[in-house]
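J.: Let me give you the structure first, and then I'll get to my questions.
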Amino acid sequence: METKFIVDNNVGKLAKWLRIMGYDTIFFNAENDSKMIATALAEGRVILTRDTQIMKRRVVTSGQLKAILIKSDEPEQQTRQVIATLNLDCRYKPFTICLECNEPLLERTQQQVKDLVPPYVFQTQNQYVECPACHRIYWRGTHWQAMTRKLEKLIKG
Ligand SMILES: [Zn+2]
């Protein structure tokens, strides 16, 4: 089964790294734990939290719902903890999820994005994807490559 996450608002950068790898990751409002737990159960999501109270809930201690208590304040340490705990594949499905909206990205041809990307990008890149929600266009440029490299370095420690 696909690994999906629901995370605290205070681990936002961790969520971004999970989305970079291609893992479906949504946020919850910390003021409403019960709603978050209901969503996690309904959608089969692993909870990533810095809140020790959530870890004490019976639904978590009984093993019915998987939750990981994030130890570090530091996003890179947090990412490393999650990858190590769940043995995640950092090359899972890169470049498939909008980093802002968590929507699955749709492939676009060079012609389709002609007027939507800067001219130098249009001339040098030929693989594009678009977010159906925010309409942000992504391309496999240097930024993405740099993020993937940083991620791999992170995992190797
Ligand atoms: Zn988006």
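Ligands are numbered from 1 in the order shown, residues from 1 within each chain, and chains are lettered A, B, ... in the order they appear in the structure tokens.
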Taking 6 positions as the minimum chain separation for residues in the same chain, which residues sit within 9 Å of A:Thr25 when counting only C-alpha atoms? Answer as a list in words.

T.: Lys4, Phe5, Ile6, Val7, Ala15, Lys16, Leu18, Arg19, Arg45 and Asn102 of chain A

J.: Go ahead and save the residues from that selection, with all heavy atoms, as a compact mmCIF listing (two decimals), in the first residue's frame.

T.:
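The resulting file, again.txt, is shown below:
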# COMPACT_ATOMS: atom_id res chain seq x y z
N LYS A 4 1.28 7.29 2.85
CA LYS A 4 0.80 8.67 2.80
C LYS A 4 0.93 9.28 4.19
O LYS A 4 0.92 8.56 5.18
CB LYS A 4 -0.67 8.71 2.37
CG LYS A 4 -0.89 8.21 0.95
CD LYS A 4 -2.33 8.40 0.51
CE LYS A 4 -3.26 7.38 1.13
NZ LYS A 4 -4.63 7.46 0.60
N PHE A 5 1.01 10.59 4.24
CA PHE A 5 1.25 11.25 5.53
C PHE A 5 0.26 12.35 5.83
O PHE A 5 -0.31 12.97 4.93
CB PHE A 5 2.66 11.86 5.56
CG PHE A 5 3.76 10.86 5.39
CD1 PHE A 5 4.35 10.65 4.15
CD2 PHE A 5 4.18 10.09 6.47
CE1 PHE A 5 5.35 9.70 3.99
CE2 PHE A 5 5.18 9.14 6.32
CZ PHE A 5 5.76 8.95 5.07
N ILE A 6 0.10 12.58 7.14
CA ILE A 6 -0.59 13.77 7.62
C ILE A 6 0.33 14.36 8.69
O ILE A 6 0.78 13.65 9.59
CB ILE A 6 -2.01 13.44 8.14
CG1 ILE A 6 -2.74 14.71 8.56
CG2 ILE A 6 -2.00 12.40 9.23
CD1 ILE A 6 -4.26 14.51 8.73
N VAL A 7 0.64 15.64 8.55
CA VAL A 7 1.69 16.21 9.40
C VAL A 7 1.22 17.47 10.14
O VAL A 7 0.33 18.18 9.70
CB VAL A 7 2.97 16.56 8.59
CG1 VAL A 7 3.46 15.36 7.80
CG2 VAL A 7 2.74 17.74 7.66
N ALA A 15 7.32 18.27 5.40
CA ALA A 15 6.27 17.95 4.43
C ALA A 15 6.75 18.22 3.00
O ALA A 15 6.50 17.43 2.09
CB ALA A 15 5.02 18.78 4.72
N LYS A 16 7.47 19.31 2.82
CA LYS A 16 7.97 19.65 1.49
C LYS A 16 8.95 18.59 0.99
O LYS A 16 8.88 18.17 -0.16
CB LYS A 16 8.62 21.03 1.53
CG LYS A 16 8.90 21.57 0.16
CD LYS A 16 9.40 23.01 0.19
CE LYS A 16 9.86 23.43 -1.18
NZ LYS A 16 10.50 24.74 -1.18
N LEU A 18 8.99 15.45 1.81
CA LEU A 18 8.22 14.23 1.49
C LEU A 18 7.55 14.38 0.12
O LEU A 18 7.51 13.44 -0.67
CB LEU A 18 7.19 13.95 2.58
CG LEU A 18 7.79 13.56 3.95
CD1 LEU A 18 6.74 13.61 5.04
CD2 LEU A 18 8.42 12.17 3.88
N ARG A 19 7.03 15.58 -0.15
CA ARG A 19 6.41 15.82 -1.46
C ARG A 19 7.45 15.79 -2.58
O ARG A 19 7.15 15.32 -3.67
CB ARG A 19 5.68 17.17 -1.45
CG ARG A 19 4.39 17.13 -0.65
CD ARG A 19 3.75 18.49 -0.57
NE ARG A 19 2.54 18.46 0.25
CZ ARG A 19 1.90 19.55 0.67
NH1 ARG A 19 2.35 20.75 0.32
NH2 ARG A 19 0.81 19.44 1.39
N ARG A 45 -3.33 7.31 6.55
CA ARG A 45 -2.14 8.16 6.59
C ARG A 45 -1.34 7.96 7.87
O ARG A 45 -1.91 7.77 8.93
CB ARG A 45 -2.54 9.63 6.48
CG ARG A 45 -3.15 9.99 5.14
CD ARG A 45 -3.52 11.46 5.08
NE ARG A 45 -4.13 11.76 3.79
CZ ARG A 45 -3.43 12.07 2.69
NH1 ARG A 45 -2.12 12.17 2.75
NH2 ARG A 45 -4.05 12.31 1.56
N ASN A 102 0.03 19.65 -2.84
CA ASN A 102 -0.04 18.19 -2.71
C ASN A 102 -0.88 17.52 -3.80
O ASN A 102 -1.27 16.37 -3.68
CB ASN A 102 -0.58 17.79 -1.32
CG ASN A 102 -0.30 16.34 -0.98
OD1 ASN A 102 0.82 15.87 -1.12
ND2 ASN A 102 -1.32 15.61 -0.56

J.: Could you give me, as a PyMOL selection string, the residues within 9 Å of A:Gly12, counting only C-alpha atoms and dropping anything in the same chain fewer than 5 positions from it?

T.: chain A and resi 7+17+27+75

J.: Could those selected residues go to a file with all heavy atoms, as a PDB file, in the first residue's frame?

T.:
ATOM      1  N   VAL A   7       0.644  15.644   8.548  1.00  0.00           N
ATOM      2  CA  VAL A   7       1.688  16.215   9.401  1.00  0.00           C
ATOM      3  C   VAL A   7       1.220  17.466  10.142  1.00  0.00           C
ATOM      4  O   VAL A   7       0.329  18.180   9.696  1.00  0.00           O
ATOM      5  CB  VAL A   7       2.967  16.556   8.587  1.00  0.00           C
ATOM      6  CG1 VAL A   7       3.460  15.360   7.800  1.00  0.00           C
ATOM      7  CG2 VAL A   7       2.739  17.735   7.656  1.00  0.00           C
ATOM      8  N   TRP A  17       9.821  18.126   1.870  1.00  0.00           N
ATOM      9  CA  TRP A  17      10.760  17.077   1.459  1.00  0.00           C
ATOM     10  C   TRP A  17      10.028  15.794   1.079  1.00  0.00           C
ATOM     11  O   TRP A  17      10.402  15.113   0.119  1.00  0.00           O
ATOM     12  CB  TRP A  17      11.769  16.794   2.575  1.00  0.00           C
ATOM     13  CG  TRP A  17      12.899  17.787   2.613  1.00  0.00           C
ATOM     14  CD1 TRP A  17      13.167  18.670   3.615  1.00  0.00           C
ATOM     15  CD2 TRP A  17      13.886  18.013   1.600  1.00  0.00           C
ATOM     16  NE1 TRP A  17      14.259  19.433   3.276  1.00  0.00           N
ATOM     17  CE2 TRP A  17      14.729  19.053   2.058  1.00  0.00           C
ATOM     18  CE3 TRP A  17      14.145  17.433   0.360  1.00  0.00           C
ATOM     19  CZ2 TRP A  17      15.808  19.533   1.313  1.00  0.00           C
ATOM     20  CZ3 TRP A  17      15.218  17.910  -0.393  1.00  0.00           C
ATOM     21  CH2 TRP A  17      16.030  18.944   0.085  1.00  0.00           C
ATOM     22  N   PHE A  27      -1.497  18.538   5.557  1.00  0.00           N
ATOM     23  CA  PHE A  27      -1.359  19.166   6.874  1.00  0.00           C
ATOM     24  C   PHE A  27      -2.648  19.014   7.669  1.00  0.00           C
ATOM     25  O   PHE A  27      -3.720  18.894   7.093  1.00  0.00           O
ATOM     26  CB  PHE A  27      -1.072  20.657   6.724  1.00  0.00           C
ATOM     27  CG  PHE A  27       0.310  20.951   6.246  1.00  0.00           C
ATOM     28  CD1 PHE A  27       0.546  21.271   4.919  1.00  0.00           C
ATOM     29  CD2 PHE A  27       1.382  20.906   7.115  1.00  0.00           C
ATOM     30  CE1 PHE A  27       1.833  21.528   4.470  1.00  0.00           C
ATOM     31  CE2 PHE A  27       2.669  21.177   6.682  1.00  0.00           C
ATOM     32  CZ  PHE A  27       2.889  21.488   5.352  1.00  0.00           C
ATOM     33  N   PRO A  75      14.617  20.550  10.168  1.00  0.00           N
ATOM     34  CA  PRO A  75      13.950  19.813   9.084  1.00  0.00           C
ATOM     35  C   PRO A  75      14.763  18.669   8.482  1.00  0.00           C
ATOM     36  O   PRO A  75      14.199  17.625   8.155  1.00  0.00           O
ATOM     37  CB  PRO A  75      13.707  20.890   8.020  1.00  0.00           C
ATOM     38  CG  PRO A  75      13.734  22.180   8.746  1.00  0.00           C
ATOM     39  CD  PRO A  75      14.657  21.999   9.915  1.00  0.00           C
TER      40      PRO A  75
END

J.: At a cut-off of 10 Å and counting only C-alpha atoms and all ligand atoms, what residues surround ligand 1? Please answer as a ChimeraX atom specification.

T.: /A:97-105,130-138

J.: Output as a VMD selection string all residues of stretch 3-95 of chain A that backbone DSSP marks as alpha helix (DSSP H).

T.: chain A and resid 12 to 21 33 to 43 52 to 55 58 to 61 75 to 86
